[in-house]
Structures are given as C-alpha cells and as structure tokens.
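Colleague: My structure is in start-v5.cif, and what it holds is mmCIF, C-alpha atoms:
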data_input
#
loop_
_atom_site.group_PDB
_atom_site.id
_atom_site.type_symbol
_atom_site.label_atom_id
_atom_site.label_comp_id
_atom_site.auth_asym_id
_atom_site.auth_seq_id
_atom_site.Cartn_x
_atom_site.Cartn_y
_atom_site.Cartn_z
ATOM 1 C CA MET A 781 -0.058 -69.323 49.657
ATOM 2 C CA PHE A 782 2.757 -68.138 51.955
ATOM 3 C CA ASN A 783 5.120 -67.736 48.971
ATOM 4 C CA ARG A 784 2.470 -65.649 47.211
ATOM 5 C CA PHE A 785 2.200 -63.430 50.297
ATOM 6 C CA LEU A 786 5.988 -62.991 50.371
ATOM 7 C CA ALA A 787 5.992 -62.082 46.680
ATOM 8 C CA SER A 788 3.290 -59.481 47.313
ATOM 9 C CA ILE A 789 5.641 -57.653 49.680
ATOM 10 C CA GLY A 790 8.635 -57.986 47.377
ATOM 11 C CA ILE A 791 10.251 -61.141 48.778
ATOM 12 C CA GLY A 792 10.836 -63.809 46.138
ATOM 13 C CA SER A 793 9.107 -61.750 43.436
ATOM 14 C CA ALA A 794 10.221 -61.172 39.843
ATOM 15 C CA LYS A 795 13.494 -59.341 39.112
ATOM 16 C CA ILE A 796 14.371 -57.268 36.062
ATOM 17 C CA ASP A 797 17.543 -56.060 34.371
ATOM 18 C CA THR A 798 17.469 -53.719 31.387
ATOM 19 C CA LEU A 799 20.324 -53.993 28.896
ATOM 20 C CA LEU A 800 20.771 -51.171 26.386
ATOM 21 C CA GLU A 801 22.488 -51.686 23.036
ATOM 22 C CA LYS A 802 24.889 -48.868 23.923
ATOM 23 C CA ALA A 803 25.337 -46.128 26.497
ATOM 24 C CA ARG A 804 25.640 -43.007 24.304
ATOM 25 C CA TYR A 805 22.921 -41.420 22.175
ATOM 26 C CA SER A 806 21.927 -38.164 20.507
ATOM 27 C CA PRO A 807 18.431 -36.673 20.814
ATOM 28 C CA GLY A 808 16.160 -38.197 18.183
ATOM 29 C CA GLU A 809 18.231 -41.387 17.902
ATOM 30 C CA GLU A 810 16.681 -44.841 18.248
ATOM 31 C CA VAL A 811 17.307 -46.613 21.559
ATOM 32 C CA ARG A 812 17.285 -50.399 21.427
ATOM 33 C CA GLY A 813 17.719 -53.023 24.104
ATOM 34 C CA VAL A 814 16.147 -55.865 26.025
ATOM 35 C CA VAL A 815 14.458 -56.225 29.408
ATOM 36 C CA LYS A 816 15.517 -59.465 31.114
ATOM 37 C CA ILE A 817 12.963 -60.799 33.587
ATOM 38 C CA GLN A 818 13.582 -63.560 36.107
ATOM 39 C CA GLY A 819 10.546 -65.147 37.704
ATOM 40 C CA GLY A 820 10.392 -65.435 41.467
ATOM 41 C CA SER A 821 9.059 -68.118 43.764
ATOM 42 C CA VAL A 822 5.476 -67.928 42.465
ATOM 43 C CA GLU A 823 3.581 -67.273 39.260
ATOM 44 C CA GLN A 824 2.905 -63.539 38.761
ATOM 45 C CA ARG A 825 0.762 -61.556 36.361
ATOM 46 C CA ILE A 826 2.712 -58.782 34.631
ATOM 47 C CA GLU A 827 0.355 -56.032 33.490
ATOM 48 C CA THR A 828 2.939 -54.045 31.558
ATOM 49 C CA ILE A 829 6.595 -53.080 31.240
ATOM 50 C CA GLN A 830 7.187 -49.352 30.942
ATOM 51 C CA LEU A 831 10.367 -47.459 30.110
ATOM 52 C CA SER A 832 10.792 -43.795 30.979
ATOM 53 C CA VAL A 833 13.528 -41.361 29.975
ATOM 54 C CA MET A 834 14.284 -39.370 33.116
ATOM 55 C CA THR A 835 16.385 -36.387 34.092
ATOM 56 C CA GLU A 836 16.855 -34.005 36.994
ATOM 57 C CA TYR A 837 16.022 -30.307 37.103
ATOM 58 C CA ILE A 838 16.241 -27.421 39.548
ATOM 59 C CA ARG A 839 13.173 -25.649 40.911
ATOM 60 C CA GLU A 840 13.382 -22.660 43.211
ATOM 61 C CA SER A 841 11.068 -22.502 46.215
ATOM 62 C CA ASN A 842 11.318 -19.881 48.962
ATOM 63 C CA ASP A 843 14.855 -18.972 47.867
ATOM 64 C CA ASN A 844 15.885 -22.649 48.020
ATOM 65 C CA LYS A 845 16.952 -24.703 45.016
ATOM 66 C CA ILE A 846 15.260 -28.095 44.988
ATOM 67 C CA LYS A 847 16.237 -30.975 42.716
ATOM 68 C CA GLN A 848 13.307 -32.777 41.122
ATOM 69 C CA HIS A 849 13.041 -35.713 38.758
ATOM 70 C CA GLY A 850 11.494 -34.965 35.392
ATOM 71 C CA GLU A 851 10.099 -37.373 32.824
ATOM 72 C CA VAL A 852 11.114 -36.683 29.230
ATOM 73 C CA GLY A 853 9.272 -39.601 27.605
ATOM 74 C CA ARG A 854 7.416 -42.805 28.548
ATOM 75 C CA TYR A 855 6.983 -46.004 26.519
ATOM 76 C CA GLN A 856 4.989 -49.193 27.060
ATOM 77 C CA VAL A 857 6.989 -52.126 25.670
ATOM 78 C CA SER A 858 4.857 -55.169 26.474
ATOM 79 C CA VAL A 859 1.318 -56.488 26.653
ATOM 80 C CA PRO A 860 0.045 -58.273 29.798
ATOM 81 C CA PHE A 861 1.478 -61.755 30.355
ATOM 82 C CA THR A 862 1.911 -64.370 33.066
ATOM 83 C CA LEU A 863 5.427 -65.019 34.359
ATOM 84 C CA GLN A 864 5.816 -68.529 35.715
ATOM 85 C CA SER A 865 7.797 -69.360 38.844
ATOM 86 C CA GLY A 866 11.519 -69.367 37.979
ATOM 87 C CA GLU A 867 10.853 -68.475 34.323
ATOM 88 C CA SER A 868 13.398 -66.392 32.415
ATOM 89 C CA ARG A 869 12.061 -64.096 29.730
ATOM 90 C CA GLU A 870 13.513 -61.414 27.473
ATOM 91 C CA VAL A 871 11.457 -58.550 26.090
ATOM 92 C CA PRO A 872 13.168 -56.593 23.273
ATOM 93 C CA PHE A 873 12.292 -52.927 22.812
ATOM 94 C CA SER A 874 13.092 -49.875 20.747
ATOM 95 C CA PHE A 875 12.019 -46.256 21.034
ATOM 96 C CA ARG A 876 13.163 -42.902 19.783
ATOM 97 C CA LEU A 877 14.981 -40.725 22.285
ATOM 98 C CA PRO A 878 12.881 -37.532 22.509
ATOM 99 C CA HIS A 879 14.291 -34.483 20.744
ATOM 100 C CA GLN A 880 14.049 -32.503 23.988
ATOM 101 C CA THR A 881 16.217 -34.928 25.980
ATOM 102 C CA PRO A 882 18.846 -32.836 27.819
ATOM 103 C CA LEU A 883 22.492 -33.206 26.931
ATOM 104 C CA THR A 884 24.506 -34.824 29.708
ATOM 105 C CA ILE A 885 26.877 -31.925 30.135
ATOM 106 C CA GLY A 886 27.160 -29.999 33.353
ATOM 107 C CA ARG A 887 24.636 -31.081 35.953
ATOM 108 C CA ALA A 888 22.153 -32.914 33.789
ATOM 109 C CA PRO A 889 21.990 -36.679 34.384
ATOM 110 C CA VAL A 890 19.778 -38.766 32.101
ATOM 111 C CA TRP A 891 18.688 -42.334 32.732
ATOM 112 C CA VAL A 892 16.263 -44.947 31.432
ATOM 113 C CA LYS A 893 13.911 -46.114 34.156
ATOM 114 C CA THR A 894 12.281 -49.532 33.788
ATOM 115 C CA GLU A 895 9.117 -50.399 35.721
ATOM 116 C CA LEU A 896 7.370 -53.744 35.905
ATOM 117 C CA ASP A 897 3.679 -53.428 36.796
ATOM 118 C CA VAL A 898 2.928 -56.569 38.832
ATOM 119 C CA ARG A 899 -0.656 -57.322 39.794
ATOM 120 C CA GLY A 900 -0.971 -57.613 43.560
ATOM 121 C CA GLY A 901 2.715 -57.103 44.250
ATOM 122 C CA ILE A 902 5.516 -54.584 44.605
ATOM 123 C CA ASP A 903 6.672 -53.310 41.235
ATOM 124 C CA PRO A 904 10.381 -54.019 40.619
ATOM 125 C CA GLY A 905 12.435 -51.434 38.730
ATOM 126 C CA ASP A 906 15.808 -50.716 37.166
ATOM 127 C CA ASN A 907 17.693 -47.511 36.295
ATOM 128 C CA ASP A 908 20.335 -47.236 33.568
ATOM 129 C CA ARG A 909 22.333 -44.038 33.055
ATOM 130 C CA ILE A 910 23.058 -42.924 29.503
ATOM 131 C CA ASP A 911 25.205 -40.214 27.929
ATOM 132 C CA VAL A 912 23.348 -37.813 25.647
ATOM 133 C CA ILE A 913 25.620 -36.028 23.191
ATOM 134 C CA PRO A 914 24.815 -33.152 20.792
ATOM 135 C CA THR A 915 23.374 -33.866 17.384
ATOM 136 C CA ALA A 916 25.342 -32.767 14.329
ATOM 137 C CA ALA A 917 23.111 -29.676 14.129
ATOM 138 C CA MET A 918 23.752 -28.783 17.758
ATOM 139 C CA ASN A 919 27.487 -29.307 17.295
ATOM 140 C CA THR A 920 27.472 -26.851 14.403
ATOM 141 C CA VAL A 921 25.885 -24.181 16.616
ATOM 142 C CA LEU A 922 28.232 -24.949 19.524
ATOM 143 C CA GLU A 923 31.237 -24.658 17.221
ATOM 144 C CA ALA A 924 29.858 -21.401 15.810
ATOM 145 C CA LEU A 925 29.556 -19.967 19.320
ATOM 146 C CA GLY A 926 33.194 -20.894 19.877
ATOM 147 C CA VAL A 927 34.168 -19.114 16.677
ATOM 148 C CA ILE A 928 32.709 -15.829 17.977
ATOM 149 C CA GLY A 929 34.356 -16.226 21.362
ATOM 150 C CA PHE A 930 31.752 -17.777 23.653
ATOM 151 C CA ARG A 931 32.889 -20.315 26.258
ATOM 152 C CA LEU A 932 30.479 -22.718 27.936
ATOM 153 C CA ARG A 933 30.349 -21.998 31.672
ATOM 154 C CA LYS A 934 27.596 -24.315 32.863
ATOM 155 C CA ALA A 935 24.570 -26.296 31.753
ATOM 156 C CA GLU A 936 21.560 -26.985 33.944
ATOM 157 C CA CYS A 937 17.975 -28.067 33.588
ATOM 158 C CA GLU A 938 15.730 -25.530 35.283
ATOM 159 C CA TYR A 939 12.012 -25.258 35.902
ATOM 160 C CA SER A 940 10.353 -23.136 33.244
ATOM 161 C CA SER A 941 6.630 -23.228 32.559
ATOM 162 C CA ARG A 942 7.159 -20.616 29.842
ATOM 163 C CA LEU A 943 10.076 -22.075 27.878
ATOM 164 C CA GLY A 944 9.806 -25.796 28.616
ATOM 165 C CA GLY A 945 7.104 -26.527 26.045
ATOM 166 C CA LYS A 946 5.512 -29.890 26.858
ATOM 167 C CA MET A 947 7.839 -30.355 29.825
ATOM 168 C CA PRO A 948 8.008 -28.192 32.972
ATOM 169 C CA PHE A 949 11.740 -27.605 32.523
ATOM 170 C CA ILE A 950 14.309 -26.627 29.921
ATOM 171 C CA GLN A 951 18.064 -27.102 29.652
ATOM 172 C CA GLU A 952 19.953 -23.811 29.644
ATOM 173 C CA LEU A 953 23.516 -23.656 28.324
ATOM 174 C CA GLU A 954 25.230 -20.627 29.804
ATOM 175 C CA PHE A 955 28.095 -19.065 27.845
ATOM 176 C CA VAL A 956 30.452 -16.213 28.706
ATOM 177 C CA PRO A 957 31.972 -13.944 26.026
ATOM 178 C CA THR A 958 35.751 -13.970 25.803
ATOM 179 C CA THR A 959 36.445 -11.769 22.757
ATOM 180 C CA GLN A 960 34.238 -9.488 20.652
ATOM 181 C CA PHE A 961 31.202 -9.327 22.978
ATOM 182 C CA ARG A 962 33.212 -9.296 26.185
ATOM 183 C CA SER A 963 32.575 -5.600 26.927
ATOM 184 C CA GLN A 964 28.914 -5.750 25.921
ATOM 185 C CA LEU A 965 27.481 -8.929 27.454
ATOM 186 C CA ASP A 966 27.562 -10.554 30.860
ATOM 187 C CA GLU A 967 26.464 -13.887 29.450
ATOM 188 C CA LEU A 968 24.525 -15.640 26.725
ATOM 189 C CA GLU A 969 22.123 -18.467 27.531
ATOM 190 C CA VAL A 970 21.185 -20.860 24.754
ATOM 191 C CA MET A 971 18.230 -23.257 24.708
ATOM 192 C CA PHE A 972 17.872 -25.888 21.976
ATOM 193 C CA TYR A 973 14.550 -26.948 20.440
ATOM 194 C CA PRO A 974 15.549 -29.563 17.843
ATOM 195 C CA SER A 975 13.371 -31.359 15.316
ATOM 196 C CA ASP A 976 13.993 -33.574 12.294
ATOM 197 C CA HIS A 977 14.301 -30.707 9.819
ATOM 198 C CA GLU A 978 15.524 -27.697 11.783
ATOM 199 C CA LEU A 979 17.040 -26.463 15.008
ATOM 200 C CA GLU A 980 15.262 -23.678 16.860
ATOM 201 C CA LEU A 981 17.208 -21.648 19.402
ATOM 202 C CA VAL A 982 16.119 -19.355 22.180
ATOM 203 C CA LEU A 983 18.897 -16.925 23.043
ATOM 204 C CA GLN A 984 18.791 -15.073 26.341
ATOM 205 C CA ILE A 985 21.080 -12.098 25.772
ATOM 206 C CA ASP A 986 22.221 -10.547 29.057
ATOM 207 C CA ARG A 987 23.723 -7.112 28.465
ATOM 208 C CA ARG A 988 26.501 -5.704 30.657
ATOM 209 C CA ALA A 989 25.647 -2.648 32.751
ATOM 210 C CA ARG A 990 27.111 0.571 31.327
ATOM 211 C CA GLY A 991 26.158 3.791 33.072
ATOM 212 C CA LEU A 992 23.470 4.519 35.649
ATOM 213 C CA SER A 993 20.471 3.735 33.448
ATOM 214 C CA SER A 994 21.769 0.329 32.444
ATOM 215 C CA PHE A 995 22.705 -0.362 36.068
ATOM 216 C CA PHE A 996 19.060 0.110 37.104
ATOM 217 C CA ALA A 997 17.925 -1.941 34.111
ATOM 218 C CA GLU A 998 20.161 -4.770 35.260
ATOM 219 C CA ALA A 999 18.822 -4.524 38.811
ATOM 220 C CA MET A 1000 15.258 -4.866 37.460
ATOM 221 C CA ASN A 1001 16.165 -7.661 34.991
ATOM 222 C CA MET A 1002 15.365 -5.338 32.081
ATOM 223 C CA ASP A 1003 18.807 -5.886 30.576
ATOM 224 C CA GLU A 1004 17.841 -9.281 29.133
ATOM 225 C CA SER A 1005 16.379 -10.010 25.718
ATOM 226 C CA PHE A 1006 14.864 -13.314 24.613
ATOM 227 C CA VAL A 1007 15.331 -13.997 20.921
ATOM 228 C CA ARG A 1008 14.036 -16.958 18.916
ATOM 229 C CA THR A 1009 15.761 -18.002 15.725
ATOM 230 C CA ARG A 1010 15.690 -21.067 13.483
ATOM 231 C CA PHE A 1011 18.265 -22.791 11.318
ATOM 232 C CA THR A 1012 17.184 -25.380 8.779
ATOM 233 C CA ASN A 1013 19.308 -28.465 8.172
ATOM 234 C CA ASP A 1014 20.373 -26.971 4.836
ATOM 235 C CA GLN A 1015 21.551 -23.777 6.551
ATOM 236 C CA LEU A 1016 23.435 -25.742 9.184
ATOM 237 C CA ALA A 1017 25.125 -27.798 6.477
ATOM 238 C CA ALA A 1018 26.932 -24.613 5.419
ATOM 239 C CA GLY A 1019 29.129 -25.010 8.501
ATOM 240 C CA PRO A 1020 30.061 -23.226 11.749
ATOM 241 C CA GLN A 1021 31.643 -20.189 10.075
ATOM 242 C CA VAL A 1022 28.433 -19.289 8.255
ATOM 243 C CA ILE A 1023 26.288 -19.862 11.353
ATOM 244 C CA ALA A 1024 28.765 -17.816 13.414
ATOM 245 C CA LYS A 1025 28.203 -14.811 11.143
ATOM 246 C CA GLN A 1026 24.423 -15.130 11.430
ATOM 247 C CA LEU A 1027 24.586 -15.432 15.224
ATOM 248 C CA THR A 1028 26.865 -12.404 15.373
ATOM 249 C CA ASP A 1029 24.331 -10.389 13.384
ATOM 250 C CA ILE A 1030 21.470 -11.480 15.663
ATOM 251 C CA ILE A 1031 23.284 -10.784 18.933
ATOM 252 C CA SER A 1032 24.612 -7.426 17.690
ATOM 253 C CA ARG A 1033 21.030 -6.116 17.340
ATOM 254 C CA TYR A 1034 20.476 -6.438 21.095
ATOM 255 C CA VAL A 1035 23.696 -5.082 22.600
#
What's the structure tokens form of this structure?

Modeller:
Amino acid sequence: MFNRFLASIGIGSAKIDTLLEKARYSPGEEVRGVVKIQGGSVEQRIETIQLSVMTEYIRESNDNKIKQHGEVGRYQVSVPFTLQSGESREVPFSFRLPHQTPLTIGRAPVWVKTELDVRGGIDPGDNDRIDVIPTAAMNTVLEALGVIGFRLRKAECEYSSRLGGKMPFIQELEFVPTTQFRSQLDELEVMFYPSDHELELVLQIDRRARGLSSFFAEAMNMDESFVRTRFTNDQLAAGPQVIAKQLTDIISRYV
C-alpha cells in the first residue's frame, strides 16, 4: 500500500524513453520509433500513450513578446494496459509528420512530446528534439528566391489567427532583397502551406517608402500586400529557374 502511495506521487512509478528511428524529417514524412516503458515498484494501469509534435511561437501582449508552446499534431499510440511491477515493455509507433510542421531554421524548435496517462498517478513524460528540413518542393522555392536575389534574414513562428489555419500560429520566413528588388522592397515574408500535390505560398510584400505618400503608407502599414499563389508538383518539377521567373512576375505586380 505504501509503495502504491509513493507511485501516486511519482516515486517508484513507471519511466518512459522514446526512441525515434532518426532525428531529421521533412513535413509529411512518416515518423517511426518505439516507446520504452519500465515498470516501477507497483503494478500500474496505463490508460494511453500519446505523442505530440510541439513547437514554440511568439505572441505579443501589451508590447511584450511572449514565447508559448504550440501543438502541431497529437497521436494516441496505445490502448489501455496494465504494467506490472518491474516489467519492461516496448510500444512501436508511426505517424505522419504534419504538413504544417515548422522548419527548424531560425528560432523554431520542434520536438516530440511523449505522455503516459497513468491512472491514479503522476504522468511521466519525455521530450525528443527533431530537425525539420524543407521538402523538395520547398527547396525549389527557396532556391528560386535565391536566384532573384532574396536572402533569408530570419524565421520565426508567430501568433496569427488569420494565417495559421487550424493552428494559432504560422512560420514566417523573412527575406531581404539584395539585387533586382533592392530599391523597391524592404522585405519579403514567405509562408508555406504544403500538401501532397501542391505548395501554396502566402507572400507578404513590404514595399520601400518612396516619397511622402509612400512614407505615410508605410507608417500606417498600408505598404504591405498579401498575395496567395500555388505551385503544383508538376510546376515545381520544372526547377528553380522557372519558379524564379513566375515569382518575379508576381512580385513585380505589387511594387
């Protein structure tokens, strides 16, 4: 009875360790691994094992920037079972990394959070950081932006009820022009919305102030245009040079 009481407050209870097949993934890729569970000093009822893909985003409040944890996806990987005292158990799992998982560039950490739901006890957990790299489609667009002279300055996940879709945040990749748009734009922000068959982009085109009227427009945030565009997988297969020309045409309409 005393051991059961200790387990209920986390002493001598079950421990977990999540092992991923690898540490680097692209959005949409399958994540595989195993949750290793080591029983404690008493028998415990495990209601479920849940894995969550987590990240961190910035939310502004009263002119302060606050970091918050955001859940990208959640997966239940077990049915209820009883873990005996001292028992070792392995639970394999697989899930698809959500398309909207942020890339781990700039200030955008991503990790897999494991939670063990223990009846009548403290739930043990485990966090495993992963690297999230661009898909081939994203790489084509990034290379195309380089072709037309844009350099990545920073990447952050920010609160956005308007652009985040199903999530309260979106990753913004901020680029600065170094060649042809240098005199026309302050910056270009790019947001990716990938799927299996296409890559949707939201471009935030921030024009440079030129003259008094554009100065006032900039002061009132009227110098920004939001543009949505889509590239199918077939279009992207044509390569960065072709996509660069299309992006140039789109951006040129708003400068």

Colleague: Taking the file as shown, find all residues satisfying the PyMOL selection byres ((chain A and resi 886-898) around 9) and write them as a ChimeraX atom specification.

Modeller: /A:788,794-798,815,824-837,881-885,899-912,933-937,951,953

Colleague: Mind pulling up the distance from CA of Lys802 in chain A to CA of Val871 in chain A?

Modeller: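 Spanning CA of Val871 in chain A to CA of Lys802 in chain A is a straight-line distance of 16.7 Å.
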
Colleague: Please report the interatomic distance between CA of Lys845 in chain A and CA of Leu877 in chain A in Å with one decimal.

Modeller: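 Between CA of Lys845 in chain A and CA of Leu877 in chain A the gap is 27.9 Å.
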
Colleague: Taking the file as shown, find all residues satisfying the PyMOL selection byres ((chain A and resi 1017-1025) around 12) and write them as a PyMOL selection string.

Modeller: chain A and resi 916-930+977-979+1009-1016+1026-1032

Colleague: Using all atoms listed in the file, which residue out of A:Val852, A:Glu954, A:Tyr1034, A:Gln864 lies closest to Glu823 in chain A?

Modeller: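 Under the stated criterion, the closest residue is A:Gln864.
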
Colleague: Run the PyMOL selection byres ((chain A and resi 878) around 10) on the file and write out the hits as a list in words.

Modeller: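 Evaluating the PyMOL selection byres ((chain A and resi 878) around 10) on this file yields Ser806, Pro807, Gly808, Glu809, Glu810, Val833, Val852, Gly853, Arg854, Phe875, Arg876, Leu877, His879, Gln880, Thr881, Pro882, Pro974 and Ser975 of chain A.
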
Colleague: Rounded to one decimal, what separation in Å do you get between CA of Gln818 in chain A and CA of Tyr855 in chain A?

Modeller: 21.1 Å

Colleague: List the spatial neighbours of Glu967 in chain A as number ranges by chain - criterion: any atom at most 8 Å away, all atoms listed in the file, same-chain residues fewer than 2 positions off excluded.

Modeller: A: 954-957, 965, 969, 985-987

Colleague: For C-alpha atoms, I'd like the residues from the last selection saved as a PDB file, keeping the file's coordinate frame.

Modeller:
ATOM      1  CA  GLU A 954      25.230 -20.627  29.804  1.00  0.00           C
ATOM      2  CA  PHE A 955      28.095 -19.065  27.845  1.00  0.00           C
ATOM      3  CA  VAL A 956      30.452 -16.213  28.706  1.00  0.00           C
ATOM      4  CA  PRO A 957      31.972 -13.944  26.026  1.00  0.00           C
ATOM      5  CA  LEU A 965      27.481  -8.929  27.454  1.00  0.00           C
ATOM      6  CA  GLU A 969      22.123 -18.467  27.531  1.00  0.00           C
ATOM      7  CA  ILE A 985      21.080 -12.098  25.772  1.00  0.00           C
ATOM      8  CA  ASP A 986      22.221 -10.547  29.057  1.00  0.00           C
ATOM      9  CA  ARG A 987      23.723  -7.112  28.465  1.00  0.00           C
TER      10      ARG A 987
END

Colleague: Nearest to Leu932 in chain A among A:Val859, A:Ile846, A:Ile950, A:Leu968, with distances taken over all atoms listed in the file: which residue is it?

Modeller: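 Comparing A:Val859, A:Ile846, A:Ile950, A:Leu968 against Leu932 in chain A, the winner is A:Leu968.
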